[in-house]
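Structure file start_16.txt (compact mmCIF, C-alpha atoms) is printed below.
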```
# COMPACT_ATOMS: atom_id res chain seq x y z
CA MET K 1 -33.83 -27.59 -20.57
CA ASP K 2 -30.09 -27.38 -21.12
CA LEU K 3 -30.03 -31.09 -21.88
CA MET K 4 -32.83 -30.71 -24.41
CA ILE K 5 -30.95 -27.90 -26.14
CA LYS K 6 -27.72 -29.91 -26.19
CA GLU K 7 -29.52 -32.84 -27.80
CA LYS K 8 -31.07 -30.56 -30.42
CA ILE K 9 -27.72 -29.00 -31.27
CA LYS K 10 -26.22 -32.43 -31.84
CA GLN K 11 -29.04 -33.20 -34.26
CA VAL K 12 -28.54 -29.90 -36.09
CA LYS K 13 -24.81 -30.61 -36.41
CA LYS K 14 -25.67 -33.93 -38.02
CA GLY K 15 -27.69 -32.04 -40.63
CA ASP K 16 -31.19 -32.23 -39.15
CA GLN K 17 -32.58 -28.82 -40.03
CA ALA K 18 -35.94 -29.43 -38.37
CA ALA K 19 -34.30 -29.73 -34.94
CA PHE K 20 -33.19 -26.11 -35.29
CA ALA K 21 -36.83 -24.97 -35.22
CA ASP K 22 -37.07 -26.04 -31.57
CA ILE K 23 -33.96 -24.06 -30.72
CA VAL K 24 -35.40 -20.95 -32.40
CA THR K 25 -38.73 -21.36 -30.60
CA PHE K 26 -36.97 -21.75 -27.27
CA PHE K 27 -34.79 -18.63 -27.60
CA GLN K 28 -36.86 -16.40 -29.90
CA ASN K 29 -38.42 -14.18 -27.20
CA LYS K 30 -35.13 -13.61 -25.38
CA ILE K 31 -33.15 -12.82 -28.50
CA TYR K 32 -35.90 -10.67 -29.96
CA GLN K 33 -36.25 -8.71 -26.73
CA HIS K 34 -32.49 -8.22 -26.55
CA CYS K 35 -32.40 -6.89 -30.11
CA TYR K 36 -35.42 -4.71 -29.47
CA ARG K 37 -33.87 -3.14 -26.39
CA MET K 38 -30.60 -2.57 -28.22
CA LEU K 39 -32.11 -1.12 -31.38
CA GLY K 40 -35.28 0.48 -30.09
CA ASN K 41 -37.66 -0.50 -32.85
CA ALA K 42 -39.58 -3.61 -33.84
CA HIS K 43 -38.64 -3.67 -37.51
CA GLU K 44 -34.88 -3.71 -37.01
CA ALA K 45 -35.22 -5.99 -33.99
CA GLU K 46 -36.97 -8.67 -36.04
CA ASP K 47 -34.49 -8.29 -38.86
CA ILE K 48 -31.43 -8.65 -36.64
CA ALA K 49 -32.91 -11.39 -34.44
CA GLN K 50 -33.63 -13.47 -37.54
CA GLU K 51 -30.15 -12.82 -38.85
CA ALA K 52 -28.68 -13.94 -35.51
CA PHE K 53 -30.46 -17.32 -35.71
CA ILE K 54 -29.46 -17.80 -39.34
CA ARG K 55 -25.82 -17.07 -38.52
CA ALA K 56 -26.00 -19.47 -35.59
CA TYR K 57 -27.31 -22.18 -37.92
CA ILE K 58 -24.67 -21.60 -40.58
CA ASN K 59 -21.84 -21.56 -38.06
CA ILE K 60 -23.16 -24.31 -35.80
CA ASP K 61 -20.02 -26.38 -36.41
CA SER K 62 -17.89 -23.69 -34.79
CA TYR K 63 -19.98 -23.79 -31.58
CA ASP K 64 -18.01 -25.47 -28.80
CA GLU K 65 -20.41 -27.81 -26.98
CA GLY K 66 -18.45 -27.44 -23.76
CA ARG K 67 -19.75 -23.90 -23.38
CA LYS K 68 -23.18 -22.49 -22.80
CA PHE K 69 -25.21 -22.21 -25.98
CA SER K 70 -27.11 -19.12 -24.84
CA THR K 71 -23.89 -17.10 -24.32
CA TRP K 72 -22.78 -18.07 -27.83
CA LEU K 73 -26.14 -17.09 -29.32
CA TYR K 74 -26.29 -13.78 -27.43
CA ARG K 75 -22.79 -13.01 -28.62
CA ILE K 76 -23.85 -13.34 -32.24
CA ALA K 77 -26.96 -11.23 -31.62
CA THR K 78 -25.07 -8.54 -29.69
CA ASN K 79 -22.39 -8.22 -32.35
CA LEU K 80 -25.06 -7.86 -35.03
CA THR K 81 -26.93 -5.15 -33.11
CA ILE K 82 -23.71 -3.22 -32.49
CA ASP K 83 -22.86 -3.46 -36.20
CA ARG K 84 -26.32 -2.20 -37.06
CA LEU K 85 -26.05 0.71 -34.62
CA ARG K 86 -22.71 1.70 -36.16
CA LYS K 87 -24.04 1.58 -39.70
CA ARG K 88 -27.14 3.54 -38.84
CA LYS K 89 -27.38 6.76 -40.71
CA PRO K 90 -28.23 9.80 -38.65
CA ASP K 91 -31.97 9.56 -39.03
CA TYR K 92 -34.82 11.60 -37.75
CA TYR K 93 -36.92 9.89 -35.15
CA LEU K 94 -40.12 11.28 -33.75
CA ASP K 95 -38.97 10.53 -30.24
CA ALA K 96 -35.52 12.04 -30.60
CA ASP K 97 -34.91 15.26 -28.70
CA ILE K 98 -35.15 18.39 -30.77
CA LYS K 99 -31.84 20.20 -30.71
CA GLY K 100 -31.71 23.24 -28.51
CA THR K 101 -34.61 22.09 -26.35
CA LYS K 102 -34.66 20.03 -23.24
CA GLY K 103 -36.91 16.96 -23.21
CA LEU K 104 -38.97 18.25 -26.09
CA ASP K 105 -39.43 15.77 -28.92
CA MET K 106 -41.43 15.58 -32.13
CA TYR K 107 -44.25 13.73 -30.36
CA SER K 108 -44.87 16.76 -28.16
CA LEU K 109 -45.47 18.79 -31.30
CA LEU K 110 -48.05 16.32 -32.58
CA GLN K 111 -51.58 16.72 -31.34
CA ALA K 112 -52.44 14.26 -28.64
CA ASP K 113 -56.10 13.50 -29.24
CA ASN K 114 -56.88 10.18 -27.60
CA ARG K 115 -56.07 10.43 -23.93
CA LEU K 116 -56.13 7.28 -21.84
CA PRO K 117 -57.62 7.08 -18.35
CA GLU K 118 -55.39 8.66 -15.73
CA GLU K 119 -54.17 5.48 -14.03
CA GLU K 120 -53.24 3.72 -17.21
CA VAL K 121 -51.33 6.74 -18.28
CA GLU K 122 -49.34 6.69 -15.08
CA ASN K 123 -48.45 3.02 -15.34
CA LEU K 124 -47.67 3.25 -19.03
CA GLU K 125 -45.72 6.41 -18.51
CA LEU K 126 -43.51 4.88 -15.85
CA GLN K 127 -42.86 1.78 -17.97
CA SER K 128 -42.12 3.72 -21.10
CA TYR K 129 -40.15 6.29 -19.15
CA ILE K 130 -37.87 3.58 -17.77
CA HIS K 131 -37.50 2.07 -21.24
CA GLN K 132 -36.78 5.47 -22.62
CA GLU K 133 -34.05 6.07 -20.07
CA ILE K 134 -32.50 2.67 -20.67
CA SER K 135 -32.54 3.19 -24.42
CA GLU K 136 -30.74 6.49 -24.01
CA LEU K 137 -27.78 4.90 -22.28
CA PRO K 138 -24.73 4.48 -24.53
CA PRO K 139 -24.87 0.99 -26.15
CA LYS K 140 -21.87 -0.29 -24.21
CA TYR K 141 -23.66 0.33 -20.89
CA ARG K 142 -27.09 -0.58 -22.18
CA SER K 143 -26.06 -4.03 -23.38
CA ILE K 144 -24.52 -4.90 -20.00
CA ILE K 145 -27.43 -3.55 -17.93
CA MET K 146 -29.87 -5.60 -20.02
CA LEU K 147 -27.82 -8.77 -20.03
CA ARG K 148 -27.47 -8.52 -16.24
CA TYR K 149 -30.96 -7.48 -15.14
CA LEU K 150 -33.30 -8.58 -17.93
CA GLU K 151 -31.48 -11.65 -19.24
CA GLU K 152 -29.97 -12.48 -15.85
CA PHE K 153 -26.51 -13.50 -16.97
CA SER K 154 -23.63 -13.51 -14.50
CA LEU K 155 -20.91 -10.89 -14.94
CA LYS K 156 -18.52 -13.61 -16.09
CA GLU K 157 -20.95 -14.77 -18.76
CA ILE K 158 -21.41 -11.17 -19.88
CA SER K 159 -17.65 -10.81 -20.30
CA GLU K 160 -17.77 -13.91 -22.55
CA ILE K 161 -20.73 -12.65 -24.57
CA LEU K 162 -19.19 -9.24 -25.19
CA ASP K 163 -15.63 -10.55 -25.36
CA ILE K 164 -14.31 -7.94 -22.92
CA PRO K 165 -12.42 -8.43 -19.63
CA LEU K 166 -14.42 -9.00 -16.44
CA GLY K 167 -12.96 -5.82 -14.95
CA THR K 168 -14.32 -3.77 -17.84
CA VAL K 169 -17.75 -5.34 -17.39
CA LYS K 170 -17.71 -4.30 -13.72
CA THR K 171 -16.66 -0.73 -14.48
CA ARG K 172 -19.36 -0.40 -17.11
CA ILE K 173 -22.13 -1.88 -15.01
CA HIS K 174 -21.23 0.55 -12.18
CA ARG K 175 -21.41 3.49 -14.56
CA GLY K 176 -24.60 2.21 -16.15
CA ARG K 177 -26.28 1.82 -12.77
CA GLU K 178 -25.18 5.27 -11.65
CA ALA K 179 -26.38 6.87 -14.87
CA LEU K 180 -29.80 5.23 -14.56
CA ARG K 181 -30.03 6.09 -10.86
CA LYS K 182 -29.51 9.75 -11.65
CA LYS K 183 -32.18 9.65 -14.35
CA LEU K 184 -34.75 7.77 -12.27
CA ARG K 185 -34.16 9.23 -8.79
CA HIS K 186 -36.89 11.83 -9.07
CA VAL K 187 -39.58 9.43 -10.27
CA MET E 1 -14.77 6.75 5.10
CA GLY E 2 -15.35 9.22 2.27
CA CYS E 3 -18.97 9.21 1.12
CA ASN E 4 -18.38 10.05 -2.51
CA HIS E 5 -16.01 7.34 -3.57
CA GLU E 6 -15.29 4.54 -1.16
CA ALA E 7 -18.84 3.96 0.05
CA ILE E 8 -20.33 4.08 -3.45
CA GLU E 9 -17.65 1.73 -4.68
CA LEU E 10 -18.62 -0.68 -1.89
CA MET E 11 -22.31 -0.39 -2.84
CA HIS E 12 -21.56 -1.49 -6.38
CA LYS E 13 -19.38 -4.30 -5.15
CA TYR E 14 -22.27 -5.37 -2.95
CA LEU E 15 -24.64 -5.33 -5.92
CA ASP E 16 -22.21 -7.50 -7.88
CA GLY E 17 -21.80 -9.89 -4.95
CA ASP E 18 -18.10 -9.09 -4.63
CA LEU E 19 -18.11 -7.80 -1.04
CA THR E 20 -15.91 -9.42 1.63
CA LYS E 21 -17.17 -9.81 5.22
CA THR E 22 -15.10 -6.86 6.52
CA GLU E 23 -16.16 -4.61 3.65
CA GLU E 24 -19.79 -5.50 4.26
CA ALA E 25 -19.46 -4.60 7.94
CA ASN E 26 -17.79 -1.31 7.00
CA LEU E 27 -20.54 -0.45 4.53
CA ARG E 28 -23.29 -1.28 7.02
CA LEU E 29 -21.66 0.85 9.69
CA HIS E 30 -21.32 3.76 7.28
CA LEU E 31 -24.90 3.52 6.02
CA GLU E 32 -26.21 3.68 9.59
CA ASN E 33 -24.50 6.99 10.10
CA CYS E 34 -24.78 8.65 6.70
CA GLU E 35 -28.19 9.62 5.40
CA SER E 36 -27.10 10.71 1.92
CA CYS E 37 -25.40 7.37 1.34
CA GLN E 38 -28.48 5.57 2.59
CA GLN E 39 -30.50 7.49 0.03
CA HIS E 40 -27.97 6.69 -2.70
CA PHE E 41 -28.04 2.99 -1.88
CA HIS E 42 -31.82 2.97 -1.85
CA GLU E 43 -31.97 4.66 -5.23
CA LEU E 44 -29.60 2.16 -6.75
CA LYS E 45 -31.61 -0.81 -5.51
CA ARG E 46 -34.86 0.80 -6.66
CA THR E 47 -33.38 1.41 -10.11
CA ILE E 48 -32.51 -2.27 -10.43
CA THR E 49 -35.99 -3.34 -9.32
CA TRP E 50 -37.48 -1.05 -11.93
CA ILE E 51 -35.30 -2.40 -14.71
CA GLN E 52 -36.26 -5.93 -13.74
CA SER E 53 -39.94 -5.09 -13.57
CA THR E 54 -40.20 -3.74 -17.09
CA GLU E 55 -42.52 -5.66 -19.34
CA ARG E 56 -41.20 -8.52 -21.42
CA ILE E 57 -41.28 -8.15 -25.15
CA GLU E 58 -42.27 -11.16 -27.18
CA ALA E 59 -41.17 -12.07 -30.67
CA PRO E 60 -43.77 -11.88 -33.47
CA GLN E 61 -46.02 -14.94 -33.86
CA ASP E 62 -44.47 -16.35 -37.04
CA PHE E 63 -40.88 -15.67 -36.04
CA THR E 64 -39.70 -19.29 -36.06
CA GLN E 65 -41.31 -20.05 -39.43
CA LYS E 66 -39.69 -16.98 -40.95
CA VAL E 67 -36.25 -18.01 -39.70
CA MET E 68 -36.70 -21.58 -40.90
CA ALA E 69 -37.78 -20.37 -44.34
CA LYS E 70 -34.62 -18.30 -44.63
CA LEU E 71 -32.17 -21.04 -43.70
CA PRO E 72 -29.91 -22.15 -46.53
CA LYS E 73 -31.05 -25.41 -48.14
CA GLU E 74 -27.71 -27.09 -48.24
CA ARG E 75 -28.23 -30.21 -46.23
CA LYS E 76 -27.47 -32.54 -49.18
CA ARG E 77 -24.38 -30.65 -50.19
CA VAL E 78 -23.11 -30.56 -46.63
CA SER E 79 -23.54 -34.30 -46.25
CA TYR E 80 -21.67 -34.97 -49.51
CA LYS E 81 -18.90 -32.68 -48.41
CA ARG E 82 -18.68 -34.49 -45.09
CA TRP E 83 -18.53 -37.88 -46.84
CA PHE E 84 -15.71 -36.73 -49.10
CA LYS E 85 -13.82 -35.33 -46.14
CA ALA E 86 -14.21 -38.63 -44.31
CA HIS E 87 -12.99 -40.75 -47.26
CA PRO E 88 -10.13 -38.84 -48.92
CA ILE E 89 -8.49 -41.90 -50.52
CA ILE E 90 -11.67 -43.12 -52.18
CA THR E 91 -12.35 -39.58 -53.38
CA ALA E 92 -8.87 -39.26 -54.87
CA ALA E 93 -9.11 -42.69 -56.54
CA ALA E 94 -12.53 -41.85 -57.99
CA ILE E 95 -11.29 -38.56 -59.41
CA PHE E 96 -8.26 -40.33 -60.89
CA PHE E 97 -10.35 -42.97 -62.63
CA ILE E 98 -12.88 -40.47 -63.94
CA LEU E 99 -10.13 -38.34 -65.47
CA MET E 100 -8.23 -41.28 -66.91
CA PHE E 101 -11.18 -43.04 -68.54
CA SER E 102 -12.68 -39.85 -69.88
CA GLY E 103 -9.31 -39.08 -71.45
CA ILE E 104 -9.06 -42.47 -73.12
CA PHE E 105 -12.68 -42.42 -74.30
CA SER E 106 -12.37 -39.00 -75.82
CA ALA E 107 -9.20 -40.10 -77.61
CA TRP E 108 -11.14 -43.08 -78.99
CA ASN E 109 -14.07 -40.99 -80.13
CA GLN E 110 -12.32 -37.95 -81.52
CA ASP E 111 -9.49 -39.34 -83.60
CA ASN E 112 -10.98 -40.64 -86.81
CA GLN E 113 -7.99 -39.66 -88.91
CA LEU E 114 -5.64 -42.19 -90.35
CA VAL E 115 -2.56 -42.43 -88.20
CA VAL E 116 0.53 -44.32 -89.27
CA SER E 117 3.74 -44.62 -87.37
CA LYS E 118 6.56 -42.82 -89.11
CA GLN E 119 8.46 -45.27 -91.24
CA GLU E 120 10.04 -45.25 -94.64
CA ASN E 121 8.90 -47.37 -97.55
CA LEU E 122 5.21 -47.37 -96.63
CA VAL E 123 2.66 -46.69 -99.35
CA ILE E 124 -0.58 -45.02 -98.35
CA ASP E 125 -3.51 -45.50 -100.70
CA GLY E 126 -6.63 -43.76 -99.39
CA ASP E 127 -7.23 -45.32 -96.01
CA THR E 128 -5.12 -48.34 -96.74
CA VAL E 129 -1.52 -48.63 -95.71
CA ILE E 130 0.52 -50.97 -97.84
CA VAL E 131 3.82 -52.55 -97.05
CA PRO E 132 4.96 -53.14 -100.66
CA GLU E 133 6.31 -56.40 -101.82
CA GLY E 134 10.00 -56.92 -101.38
CA VAL E 135 10.26 -54.10 -98.84
CA THR E 136 11.35 -54.56 -95.25
CA VAL E 137 9.97 -52.09 -92.71
CA SER E 138 12.12 -51.96 -89.64
CA GLY E 139 10.73 -51.05 -86.23
CA ASP E 140 7.22 -51.29 -84.76
CA LEU E 141 4.36 -50.44 -87.06
CA LEU E 142 1.18 -48.74 -85.84
CA VAL E 143 -1.87 -48.16 -88.02
CA LYS E 144 -4.92 -46.44 -86.63
CA ASN E 145 -8.29 -45.85 -88.35
CA GLY E 146 -7.13 -47.51 -91.55
CA ASN E 147 -6.59 -50.85 -93.21
CA LEU E 148 -3.27 -52.56 -93.53
CA LYS E 149 -1.97 -54.67 -96.34
CA ILE E 150 1.28 -56.43 -95.80
CA ASP E 151 2.99 -57.66 -98.96
CA GLY E 152 6.52 -57.20 -97.72
CA THR E 153 8.16 -57.73 -94.37
CA VAL E 154 7.74 -55.93 -91.08
CA ASP E 155 10.69 -56.27 -88.77
CA GLY E 156 8.95 -55.54 -85.49
CA ASN E 157 5.54 -55.53 -83.78
CA VAL E 158 2.43 -54.57 -85.69
CA THR E 159 -0.54 -52.87 -84.04
CA LEU E 160 -3.71 -52.33 -86.00
CA ILE E 161 -6.35 -50.14 -84.34
CA ASN E 162 -9.87 -49.78 -85.71
CA GLY E 163 -9.04 -51.27 -89.06
CA LYS E 164 -8.77 -54.47 -91.04
CA LEU E 165 -5.90 -56.50 -92.26
CA ILE E 166 -6.35 -57.01 -95.98
CA ASP E 167 -5.26 -60.38 -97.05
CA SER E 168 -3.72 -60.19 -100.50
CA SER E 169 -3.49 -63.87 -101.08
CA ILE E 170 -7.13 -64.68 -101.64
CA ASP E 171 -6.66 -68.35 -101.32
CA GLY E 172 -5.46 -67.71 -97.80
CA LYS E 173 -2.50 -69.98 -98.18
CA GLY E 174 0.55 -69.18 -96.13
CA LEU E 175 0.27 -65.46 -95.55
CA MET E 176 3.29 -65.42 -93.38
CA ALA E 177 5.40 -67.59 -95.57
CA SER E 178 4.67 -66.55 -99.08
CA VAL E 179 3.45 -62.98 -99.18
CA GLY E 180 3.94 -60.81 -96.11
CA GLU E 181 5.98 -61.43 -93.08
CA VAL E 182 5.78 -60.01 -89.59
CA ASN E 183 8.77 -60.71 -87.45
CA GLY E 184 7.12 -59.87 -84.16
CA GLU E 185 3.79 -59.68 -82.40
CA PHE E 186 0.69 -58.84 -84.33
CA LYS E 187 -2.12 -57.06 -82.50
CA GLN E 188 -5.50 -55.97 -83.77
CA VAL E 189 -7.64 -53.66 -81.69
CA ASP E 190 -11.17 -52.72 -82.64
CA GLN E 191 -13.24 -52.61 -79.49
CA VAL E 192 -13.45 -49.86 -76.90
CA PHE E 193 -12.52 -52.16 -74.08
CA GLU E 194 -9.64 -53.59 -75.99
CA TRP E 195 -8.57 -50.03 -76.66
CA ILE E 196 -8.62 -49.31 -72.91
CA TRP E 197 -6.81 -52.55 -72.23
CA TYR E 198 -4.22 -51.65 -74.81
CA HIS E 199 -3.72 -48.27 -73.10
CA LEU E 200 -3.44 -49.81 -69.67
CA LYS E 201 -0.90 -52.31 -70.94
CA ASN E 202 1.06 -49.45 -72.48
CA ILE E 203 0.98 -47.52 -69.22
CA PHE E 204 2.21 -50.51 -67.26
CA ARG E 205 4.82 -51.29 -69.83
CA SER E 206 6.13 -47.73 -69.68
CA ILE E 207 6.22 -47.92 -65.90
CA PHE E 208 8.18 -51.16 -66.19
CA SER E 209 10.64 -49.79 -68.70
CA PHE E 210 11.16 -46.79 -66.43
CA GLY E 211 11.90 -49.23 -63.69
CA GLU E 212 14.38 -51.04 -65.84
CA LEU E 213 16.16 -47.82 -66.65
```

Translate the structure described by the file into structure tokens.
Amino acid sequence: MDLMIKEKIKQVKKGDQAAFADIVTFFQNKIYQHCYRMLGNAHEAEDIAQEAFIRAYINIDSYDEGRKFSTWLYRIATNLTIDRLRKRKPDYYLDADIKGTKGLDMYSLLQADNRLPEEEVENLELQSYIHQEISELPPKYRSIIMLRYLEEFSLKEISEILDIPLGTVKTRIHRGREALRKKLRHV
Amino acid sequence: MGCNHEAIELMHKYLDGDLTKTEEANLRLHLENCESCQQHFHELKRTITWIQSTERIEAPQDFTQKVMAKLPKERKRVSYKRWFKAHPIITAAAIFFILMFSGIFSAWNQDNQLVVSKQENLVIDGDTVIVPEGVTVSGDLLVKNGNLKIDGTVDGNVTLINGKLIDSSIDGKGLMASVGEVNGEFKQVDQVFEWIWYHLKNIFRSIFSFGEL
């Protein structure tokens, strides 16, 4: 697979735009998922994931072929999501906690009319609960936890993607794991 | 071994694959004797399993097409740019020639006014320049966009651009001897290419004279 990607990148560098379509198809789910987990909604995730691929195409000449393409691509995507998170205006989300209450959000004030069968609810609840907890981690921990356990990068690769020292990656992954453990221990 | 710091630190090192043999033995020994640390370690591993087991999210169906549609269409321009970068000397030469020829052509096309080199004793009648009889014009004579009639003597080179030499002696007998006299080269230019050639010769001549200086 790596060889295929390398070949495609060479073609893109020569000006073959069509070869880039294969690269997008190969990485689209990973990059989209990464953006979705970072941003928490489908609309922004699609927007940023597309932007990441477009930037990669425009700057393909600055990609060093001696390094892993996926780390380079994730770096572009991660920087874009962090930029977007910074620029985000304080908005009102239905699933944001209402101030002064604990664990009470706008959804709980809406009428729940279509209940699913008990088992499905349990499974869905656990899944969405875990997602919820991950998404509530500060972005600097969240990005590392996802890159390590969903994208399965090594800690060294993560330090390259995020452009931070390996020691910092280790400290943050420890804190991220501890924070999630505390949140999920009673499940 | 303190439960709160050292052991937990070792657990994280274990999860990152950074544990040495001795540290691993220490951690194992501690976990056997400490229930709260066992619980802690179990919770950490369970947390990781849960993160890994979460469902995968897939990109929308038409994602690739959307990206491809948004890519800049600059393949042609990029390839031109690359070619120019690869051949700088040819590029520079091409730019030089384009500028030079366009300059000469525009000079040819725009100047339709009568131009005469600055000399005394010349008579200008409409678009005809006359060197009167019995008069000697010293120095090179240039006439552009006009006719020239030499009845006297020119003591130098004569250049006639885009015009005609009017022969006063209709019988055509001995122009040089009887009527007008040119003590130098006589040049008549009335074609674009001759005009360019004339310019080139001038350029080279000026380069030469610079060299001589």

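Using all atoms listed in the file, we find that the part of chain K lying within 6 Å of chain E comprises Gly15, Val24, Thr25, Asn29, Tyr32, Gln33, Gln50, Tyr149, Leu150 and Arg181 of chain K.
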
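CA of Gln119 in chain E to CA of Val137 in chain E spans 7.1 Å [interatomic distance, one decimal].
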
Subject >> Å distance separating CA of Val187 in chain K from CA of Tyr129 in chain K, one decimal place >> reply: 9.4 Å

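Between CA of Arg185 in chain K and CA of Cys35 in chain K there is a distance of 26.8 Å.
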
Report, as AutoDock Vina command-line options, the centre and edge lengths in Å (one decimal) of the axis-aligned box enclosing every listed atom of range 146-157 of chain E, padded by 5 Å on each side.
```
--center_x 1.8 --center_y -52.6 --center_z -91.4 --size_x 27.8 --size_y 20.2 --size_z 25.2
```

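With all atoms listed in the file as the atoms that count, the residue of E:Ala69, E:Leu29, E:Val143, E:Ala86 with the shortest distance to Phe20 in chain K is E:Ala69.
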
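Using all atoms listed in the file, the set of residues no farther than 8 Å from the position (-9.3, -44.5, -71.5) comprises E:Met100, E:Phe101, E:Ser102, E:Gly103, E:Ile104, E:Phe105, E:Ser106, E:Ala107, E:Trp108, E:Trp195, E:Ile196, E:His199.
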
Original post:
So which residues touch Leu39 in chain K within 9 Å, counting only C-alpha atoms, skipping near sequence neighbours fewer than 2 positions away, as a ChimeraX atom specification?
Top reply: /K:34-37,41-42,44-45,81-82,84-85,135

Original post:
What would the list of residues within 10 Å of (-34.1, 3.0, -20.9) (file frame) look like as a PyMOL selection string, if all atoms listed in the file are what count?
Top reply: (chain K and resi 37-38+40+127-137+142+145-146+180+183-184) or (chain E and resi 51+54)

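If you measure from each of K:His186, K:Glu151, K:Glu51, K:Ile60 to Trp72 in chain K using all atoms listed in the file, the closest one turns out to be K:Ile60.
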